[in-house]
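Listing of model.cif; format and content: mmCIF, C-alpha atoms.
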```cif
data_work
#
loop_
_atom_site.label_atom_id
_atom_site.label_comp_id
_atom_site.auth_asym_id
_atom_site.auth_seq_id
_atom_site.Cartn_x
_atom_site.Cartn_y
_atom_site.Cartn_z
CA MET A 1298 -11.28 17.37 5.75
CA SER A 1299 -11.94 14.88 8.52
CA THR A 1300 -15.20 14.87 10.44
CA ARG A 1301 -13.28 15.56 13.64
CA SER A 1302 -11.63 18.69 12.36
CA ALA A 1303 -14.85 20.04 10.90
CA LEU A 1304 -16.87 19.86 14.08
CA PRO A 1305 -17.01 23.05 16.14
CA ALA A 1306 -14.51 23.39 18.93
CA GLU A 1307 -15.75 24.21 22.39
CA ARG A 1308 -15.73 27.91 23.18
CA PRO A 1309 -12.41 29.08 24.67
CA GLN A 1310 -12.29 29.05 28.44
CA ARG A 1311 -11.22 32.24 30.22
CA ALA A 1312 -8.37 30.34 31.85
CA ALA A 1313 -6.73 30.09 28.42
CA ALA A 1314 -7.40 33.71 27.48
CA ALA A 1315 -3.71 34.64 27.67
CA SER A 1316 -3.04 32.59 24.52
CA LEU A 1317 -5.80 34.27 22.49
CA VAL A 1318 -5.54 37.28 20.19
CA PRO A 1319 -7.52 39.97 22.09
CA ALA A 1320 -9.02 41.65 19.01
CA VAL A 1321 -10.34 38.36 17.66
CA GLU A 1322 -11.67 37.35 21.06
CA ARG A 1323 -13.56 40.65 21.37
CA ALA A 1324 -15.02 40.26 17.87
CA VAL A 1325 -16.27 36.75 18.63
CA LEU A 1326 -17.67 37.97 21.94
CA VAL A 1327 -19.70 40.64 20.15
CA VAL A 1328 -20.93 38.28 17.42
CA ASP A 1329 -21.92 35.64 20.00
CA HIS A 1330 -23.83 38.24 21.99
CA LEU A 1331 -25.67 39.56 18.94
CA ALA A 1332 -26.60 36.01 17.95
CA ALA A 1333 -28.17 35.40 21.35
CA GLN A 1334 -30.45 38.46 21.27
CA SER A 1335 -34.06 38.51 20.10
CA GLN A 1336 -33.91 42.14 18.95
CA PRO A 1337 -31.32 44.70 17.76
CA GLN A 1338 -29.07 46.26 20.40
CA THR A 1339 -27.90 49.84 20.88
CA LEU A 1340 -24.26 50.72 21.36
CA ALA A 1341 -25.01 51.54 25.02
CA ASP A 1342 -26.72 48.18 25.53
CA LEU A 1343 -23.78 46.31 24.05
CA SER A 1344 -21.23 48.31 26.02
CA LYS A 1345 -23.02 47.55 29.28
CA ALA A 1346 -23.61 43.85 28.54
CA LEU A 1347 -20.09 43.15 27.30
CA GLY A 1348 -18.13 45.46 29.57
CA LEU A 1349 -16.40 47.15 26.65
CA PRO A 1350 -15.90 50.92 26.24
CA LYS A 1351 -18.14 52.57 23.66
CA SER A 1352 -15.19 54.04 21.79
CA SER A 1353 -13.50 50.73 20.98
CA LEU A 1354 -16.85 48.93 20.58
CA HIS A 1355 -17.99 51.46 17.98
CA GLY A 1356 -14.98 50.76 15.78
CA LEU A 1357 -15.38 47.02 16.23
CA LEU A 1358 -19.06 47.13 15.24
CA HIS A 1359 -18.25 49.27 12.19
CA THR A 1360 -15.75 46.62 11.04
CA LEU A 1361 -18.14 43.72 11.73
CA ALA A 1362 -20.90 45.48 9.77
CA ALA A 1363 -18.56 46.14 6.84
CA LEU A 1364 -17.67 42.44 6.75
CA GLY A 1365 -21.26 41.19 6.93
CA LEU A 1366 -21.02 39.89 10.50
CA ALA A 1367 -23.30 42.59 11.90
CA THR A 1368 -25.95 44.97 10.60
CA ARG A 1369 -26.85 48.53 11.68
CA ASN A 1370 -30.38 49.86 11.25
CA THR A 1371 -31.63 53.43 10.91
CA ARG A 1372 -31.99 53.70 14.72
CA ALA A 1373 -28.28 52.94 15.15
CA GLU A 1374 -29.06 49.50 16.58
CA TYR A 1375 -26.99 46.43 15.81
CA ALA A 1376 -27.97 42.85 14.99
CA LEU A 1377 -26.30 39.75 13.61
CA GLY A 1378 -25.35 39.99 9.94
CA PRO A 1379 -25.82 37.43 7.13
CA LYS A 1380 -22.24 36.15 6.94
CA PRO A 1381 -22.59 33.49 9.72
CA VAL A 1382 -25.35 31.80 7.69
CA GLN A 1383 -22.88 31.36 4.84
CA TRP A 1384 -20.35 29.89 7.24
CA ALA A 1385 -22.94 27.50 8.65
CA GLY A 1386 -23.64 26.17 5.18
CA ALA A 1387 -19.93 25.75 4.51
CA PHE A 1388 -19.48 23.83 7.75
CA GLY A 1389 -22.23 21.41 6.77
CA ARG A 1390 -20.70 20.81 3.34
CA GLN A 1391 -17.17 20.33 4.65
CA SER A 1392 -17.95 18.07 7.58
CA GLY A 1393 -20.02 15.61 5.58
CA VAL A 1394 -22.35 15.06 8.52
CA VAL A 1395 -25.21 17.09 7.02
CA GLU A 1396 -24.97 15.22 3.72
CA ALA A 1397 -24.96 11.90 5.58
CA PHE A 1398 -28.00 12.98 7.64
CA GLU A 1399 -30.01 14.11 4.63
CA ALA A 1400 -29.28 10.92 2.70
CA ALA A 1401 -30.07 8.60 5.61
CA ALA A 1402 -33.29 10.48 6.49
CA LYS A 1403 -34.74 9.62 3.08
CA GLU A 1404 -34.34 5.91 3.81
CA LEU A 1405 -36.75 5.80 6.77
CA PRO A 1406 -40.35 6.33 5.67
CA VAL A 1407 -41.63 5.51 9.17
CA ILE A 1408 -40.65 9.03 10.30
CA ALA A 1409 -41.33 10.81 7.01
CA GLU A 1410 -44.14 12.84 8.59
CA GLU A 1411 -42.13 13.84 11.66
CA THR A 1412 -39.70 16.74 12.10
CA ILE A 1413 -36.16 15.46 12.55
CA MET A 1414 -33.07 17.47 13.45
CA LEU A 1415 -29.30 17.16 13.34
CA ALA A 1416 -27.33 18.90 16.10
CA VAL A 1417 -23.79 19.23 17.41
CA LEU A 1418 -22.52 20.17 20.84
CA ASP A 1419 -21.02 23.63 21.33
CA GLY A 1420 -20.00 24.02 24.95
CA ALA A 1421 -23.16 23.63 27.05
CA GLU A 1422 -25.48 24.18 24.09
CA VAL A 1423 -26.58 22.31 21.00
CA VAL A 1424 -26.51 23.97 17.59
CA TYR A 1425 -28.81 22.72 14.85
CA LEU A 1426 -27.03 22.02 11.57
CA ALA A 1427 -29.99 20.65 9.65
CA CYS A 1428 -33.73 20.17 10.02
CA ARG A 1429 -36.00 17.98 7.90
CA PRO A 1430 -39.50 19.39 8.53
CA GLY A 1431 -42.37 16.97 8.84
CA THR A 1432 -45.99 17.44 7.91
CA ARG A 1433 -47.14 17.97 11.49
CA ALA A 1434 -47.18 21.46 13.02
CA LEU A 1435 -44.92 21.83 16.07
CA ALA A 1436 -44.79 24.32 18.92
CA VAL A 1437 -41.08 24.99 18.46
CA ASN A 1438 -39.29 26.17 15.33
CA PHE A 1439 -36.07 24.18 15.03
CA ARG A 1440 -34.15 26.36 12.61
CA VAL A 1441 -30.67 25.79 11.22
CA GLY A 1442 -28.22 27.72 13.38
CA GLY A 1443 -30.60 27.76 16.34
CA ARG A 1444 -29.35 26.97 19.83
CA PHE A 1445 -30.84 25.35 22.91
CA PRO A 1446 -29.34 24.33 26.26
CA ALA A 1447 -27.97 20.82 25.84
CA ALA A 1448 -29.33 19.74 29.23
CA CYS A 1449 -32.93 20.38 28.05
CA THR A 1450 -32.87 18.69 24.66
CA SER A 1451 -32.86 15.05 23.64
CA SER A 1452 -30.07 15.68 21.13
CA GLY A 1453 -28.01 17.49 23.77
CA LYS A 1454 -28.44 14.72 26.30
CA ALA A 1455 -27.61 12.11 23.66
CA LEU A 1456 -24.34 13.96 23.00
CA LEU A 1457 -23.50 14.57 26.68
CA ALA A 1458 -24.09 10.91 27.49
CA THR A 1459 -21.11 9.94 25.32
CA LEU A 1460 -18.81 12.05 27.53
CA ALA A 1461 -17.43 11.12 30.94
CA ASP A 1462 -19.34 12.60 33.88
CA GLN A 1463 -16.34 14.73 34.80
CA ARG A 1464 -16.33 16.30 31.35
CA VAL A 1465 -20.04 17.05 31.66
CA ARG A 1466 -19.37 18.73 35.03
CA GLU A 1467 -16.64 20.86 33.42
CA LEU A 1468 -18.93 21.99 30.61
CA LEU A 1469 -21.66 23.03 33.03
CA ALA A 1470 -19.41 24.21 35.87
CA GLY A 1471 -20.46 27.33 37.73
CA HIS A 1472 -23.82 27.67 36.00
CA PRO A 1473 -27.26 26.51 37.17
CA LEU A 1474 -29.04 24.34 34.64
CA PRO A 1475 -31.25 26.50 32.41
CA ARG A 1476 -34.94 25.67 32.80
CA LEU A 1477 -37.09 26.37 29.75
CA THR A 1478 -40.21 24.82 31.28
CA ARG A 1479 -41.28 23.50 34.69
CA HIS A 1480 -40.31 20.03 33.46
CA SER A 1481 -36.66 20.92 32.76
CA LEU A 1482 -34.09 19.20 34.96
CA ALA A 1483 -33.33 21.21 38.08
CA SER A 1484 -29.85 19.98 39.01
CA LEU A 1485 -26.62 18.61 37.62
CA ALA A 1486 -27.09 15.50 39.76
CA ALA A 1487 -30.45 14.83 38.09
CA LEU A 1488 -28.88 15.32 34.67
CA LEU A 1489 -26.05 12.89 35.42
CA ARG A 1490 -28.55 10.26 36.56
CA GLN A 1491 -30.48 10.70 33.35
CA LEU A 1492 -27.31 10.50 31.24
CA ASP A 1493 -26.52 7.18 32.87
CA ARG A 1494 -29.91 5.87 31.71
CA VAL A 1495 -29.25 7.25 28.23
CA ARG A 1496 -26.04 5.25 28.01
CA GLY A 1497 -27.92 2.09 28.89
CA GLN A 1498 -30.87 2.51 26.54
CA GLY A 1499 -29.10 4.14 23.59
CA TYR A 1500 -31.37 7.18 23.26
CA ALA A 1501 -32.30 10.32 25.19
CA VAL A 1502 -35.66 11.87 25.99
CA ASP A 1503 -36.84 15.46 26.27
CA ASP A 1504 -40.17 15.15 28.07
CA GLU A 1505 -41.65 18.66 27.73
CA GLU A 1506 -38.34 20.18 28.82
CA VAL A 1507 -38.02 22.54 25.82
CA ALA A 1508 -41.71 23.17 25.20
CA GLU A 1509 -44.89 22.19 27.03
CA GLY A 1510 -46.81 19.45 25.24
CA MET A 1511 -43.84 18.16 23.23
CA HIS A 1512 -41.51 15.28 23.71
CA CYS A 1513 -38.42 14.52 21.67
CA PHE A 1514 -36.16 11.52 21.29
CA GLY A 1515 -32.50 11.74 20.30
CA ALA A 1516 -29.67 9.34 19.52
CA PRO A 1517 -25.92 9.91 19.14
CA VAL A 1518 -24.02 9.84 15.85
CA PHE A 1519 -20.42 8.58 15.78
CA ALA A 1520 -17.55 8.81 13.30
CA ALA A 1521 -14.55 6.61 12.68
CA GLY A 1522 -12.09 6.61 15.58
CA ARG A 1523 -14.33 8.55 17.96
CA THR A 1524 -15.78 7.37 21.27
CA ASP A 1525 -17.63 10.64 21.86
CA ALA A 1526 -20.50 11.46 19.53
CA VAL A 1527 -19.82 13.93 16.71
CA ALA A 1528 -23.51 14.81 16.36
CA ALA A 1529 -26.99 13.67 17.34
CA VAL A 1530 -30.27 13.17 15.52
CA ALA A 1531 -33.62 13.84 17.16
CA VAL A 1532 -37.32 13.69 16.40
CA SER A 1533 -40.02 15.89 17.94
CA LEU A 1534 -43.61 14.78 18.60
CA ILE A 1535 -46.77 16.27 20.02
CA LYS A 1536 -47.15 14.31 23.23
CA ALA A 1537 -50.94 14.26 23.55
CA SER A 1538 -51.45 12.81 20.07
CA THR A 1539 -48.72 10.18 20.23
CA SER A 1540 -49.69 6.64 21.22
CA ALA A 1541 -47.33 4.34 23.09
CA ARG A 1542 -47.03 2.21 19.96
CA ARG A 1543 -46.13 5.21 17.80
CA ARG A 1544 -43.63 6.36 20.42
CA ASP A 1545 -41.86 2.98 20.24
CA GLU A 1546 -41.83 3.13 16.43
CA VAL A 1547 -40.29 6.58 16.47
CA VAL A 1548 -37.67 5.69 19.07
CA SER A 1549 -36.64 2.67 17.01
CA ALA A 1550 -36.51 4.79 13.86
CA ILE A 1551 -34.38 7.56 15.37
CA ARG A 1552 -31.89 5.01 16.68
CA GLU A 1553 -31.78 3.45 13.22
CA LEU A 1554 -31.26 6.88 11.66
CA ALA A 1555 -28.34 7.56 14.02
CA ALA A 1556 -26.81 4.20 13.13
CA ARG A 1557 -27.13 4.87 9.41
CA VAL A 1558 -25.60 8.35 9.65
CA SER A 1559 -22.77 6.89 11.76
CA GLN A 1560 -22.18 4.20 9.17
CA ARG A 1561 -21.89 6.82 6.45
CA LEU A 1562 -19.28 8.60 8.59
CA GLY A 1563 -17.20 5.45 8.87
CA ALA A 1564 -18.19 4.31 12.38
#
```

What would you get if you wrote out this structure as structure tokens?
Amino acid sequence: MSTRSALPAERPQRAAAASLVPAVERAVLVVDHLAAQSQPQTLADLSKALGLPKSSLHGLLHTLAALGLATRNTRAEYALGPKPVQWAGAFGRQSGVVEAFEAAAKELPVIAEETIMLAVLDGAEVVYLACRPGTRALAVNFRVGGRFPAACTSSGKALLATLADQRVRELLAGHPLPRLTRHSLASLAALLRQLDRVRGQGYAVDDEEVAEGMHCFGAPVFAAGRTDAVAAVAVSLIKASTSARRRDEVVSAIRELAARVSQRLGA
């Protein structure tokens, strides 16, 4: 399977909904919503949030639970099931990008103590495919399958910078930029200016935009025949304990890691 075909497609736009199978679209809608919640949801909660009648939603949830895509607890509340984790692992194996990341990460001892991540773009969010934990404790848990707004993360901005500005506008159209901290970018115009700088310097920066006290540096990963990045690698540091010299070492290392992963993917 090619790297291109294995990377996640952007979520279907409502304008193309007429070409979708309604039952499948509803199932994905429910699974996406469950994945985004921090606690189990009641049938009433789901019906209200998704705009679906309880009668049809009940049958859909029963099917999803039977297939491992949802779980139901003793209080009749629903949460995401274990099956998506299995799919995530299969995606990593089939795309080759996780294998390339893990192999290349072992070759750079300069960032052996730092936490490094591999992410892909999914609409206006990044999804983490792999994480190589470092020895330093961090304020944020970057778990496999986790999501963050692309506009806040260094990996997301590294990915967005390989797209044309018009494509970035389309991905973020109609939605204010999410702000996870007071340092997060406040406008699309500010994001586009920053993406222009990313293109020039070859790496992106998250300066306390995901978590106070942390800064991250990300670089894009390319595959053969692609001008847009297929993934991005990023490293997270505790800002107060990072010297300017160490920052430069880490930036150089993350760019080298991106280059080595890209080389393994044929770029």

Report the distance between CA of Gln1336 (chain A) and CA of Thr1478 (chain A) in Å, rounded to one decimal place.
22.2 Å

Straight-line distance linking CA of Gly1510 (chain A) with CA of Ala1531 (chain A), stated in Å to one decimal:
16.5 Å

I'd like the contact shell of Glu1506 (chain A) - 7 Å cut-off, all atoms listed in the file, skipping same-chain residues fewer than 4 positions apart - returned as a PyMOL selection string.
chain A and resi 1449+1477-1478+1480-1481

Give me the result of the PyMOL selection byres ((chain A and resi 1432) around 9) on this file, residue by residue, as an NGL selection string.
:A and (1409-1412 or 1430-1431 or 1433-1434)

Correct to one decimal, the distance CA of Ala1528 (chain A)-CA of Val1424 (chain A) is 9.7 Å

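Here the question is which of A:Ala1341, A:Val1518, A:Leu1354, A:Cys1513 gets nearest to Val1327 (chain A) using all atoms listed in the file, and that residue is A:Leu1354.
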
Can you build me a table of region 1378-1473 of chain A residues sitting at most 10 Å from region 1363-1368 of chain A, with the closest atom pair per residue and its distance in Å to one decimal, using all atoms listed in the file, sorted by chain and residue number, as CSV?
```
residue,atom,partner,partner_atom,distance
A:Gly1378,CA,A:Ala1367,CA,3.8
A:Pro1379,CA,A:Gly1365,CA,5.9
A:Lys1380,CA,A:Gly1365,CA,5.1
A:Pro1381,CA,A:Leu1366,CA,6.6
A:Val1382,CA,A:Leu1366,CA,9.6
```

Please write the residues from the selection above to a file, keeping C-alpha atoms, as a PDB file, in the frame of the given file.
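Wrote selection-v8.pdb, looks like this:
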```
ATOM      1  CA  GLY A1378     -25.350  39.990   9.940  1.00  0.00           C
ATOM      2  CA  PRO A1379     -25.820  37.430   7.130  1.00  0.00           C
ATOM      3  CA  LYS A1380     -22.240  36.150   6.940  1.00  0.00           C
ATOM      4  CA  PRO A1381     -22.590  33.490   9.720  1.00  0.00           C
ATOM      5  CA  VAL A1382     -25.350  31.800   7.690  1.00  0.00           C
TER       6      VAL A1382
END
```

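Nearest-residue note for Ala1526 (chain A): choosing from A:Ser1344, A:Val1417, A:Ala1401, A:Leu1377, the minimum distance belongs to A:Val1417, counting all atoms listed in the file.
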
List as a PyMOL selection string: which residues have an atom within 9 Å of (-20.3, 40.9, 17.1), counting only C-alpha atoms?
chain A and resi 1323-1332+1357-1358+1361-1362+1366-1367+1375-1378

List as a PyMOL selection string the protein and nucleic acid residues near Ala1455 (chain A), meaning an atom at most 10 Å away when all atoms listed in the file are counted, but skip any in the same chain fewer than 6 places from it.
chain A and resi 1418+1447-1448+1492+1495-1496+1499-1502+1514-1518+1526+1528-1531

Please produce a file of those selected residues containing C-alpha atoms, as a tab-separated table (two decimals), keeping the file's coordinate frame.
```tsv
chain	number	residue	atom	x	y	z
A	1418	LEU	CA	-22.52	20.17	20.84
A	1447	ALA	CA	-27.97	20.82	25.84
A	1448	ALA	CA	-29.33	19.74	29.23
A	1492	LEU	CA	-27.31	10.50	31.24
A	1495	VAL	CA	-29.25	7.25	28.23
A	1496	ARG	CA	-26.04	5.25	28.01
A	1499	GLY	CA	-29.10	4.14	23.59
A	1500	TYR	CA	-31.37	7.18	23.26
A	1501	ALA	CA	-32.30	10.32	25.19
A	1502	VAL	CA	-35.66	11.87	25.99
A	1514	PHE	CA	-36.16	11.52	21.29
A	1515	GLY	CA	-32.50	11.74	20.30
A	1516	ALA	CA	-29.67	9.34	19.52
A	1517	PRO	CA	-25.92	9.91	19.14
A	1518	VAL	CA	-24.02	9.84	15.85
A	1526	ALA	CA	-20.50	11.46	19.53
A	1528	ALA	CA	-23.51	14.81	16.36
A	1529	ALA	CA	-26.99	13.67	17.34
A	1530	VAL	CA	-30.27	13.17	15.52
A	1531	ALA	CA	-33.62	13.84	17.16
```

In terms of the shortest atom-to-atom distance over all atoms listed in the file, which of A:Gln1498, A:Ser1559, A:Gln1491, A:Ser1533 is closest to Ala1520 (chain A)?
A:Ser1559

Within 12 Å of Ala1564 (chain A), counting only C-alpha atoms, which residues qualify if same-chain residues fewer than 4 places away don't, as a list in words?
Thr1300, Pro1517, Val1518, Phe1519, Ala1520, Ala1521, Gly1522, Arg1523, Thr1524, Asp1525, Ala1526, Val1527, Ala1555, Ala1556, Arg1557, Val1558, Ser1559 and Gln1560 of chain A

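With distances restricted to all atoms listed in the file, A:Ala1373 is the closest residue to Leu1340 (chain A) from A:Ala1373, A:Val1394, A:Ala1541, A:Leu1482.
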
Evaluated on this file, the PyMOL selection byres ((chain A and resi 1548) around 9) picks out some residues - which ones are they, written as a VMD selection string?
chain A and resid 1500 1514 to 1516 1532 1543 to 1547 1549 to 1553

Pull out every residue that the PyMOL selection byres ((chain A and resi 1468) around 12) matches in the shown coordinates and put them as a PyMOL selection string.
chain A and resi 1307-1310+1418-1422+1446-1448+1457+1460-1467+1469-1474+1485
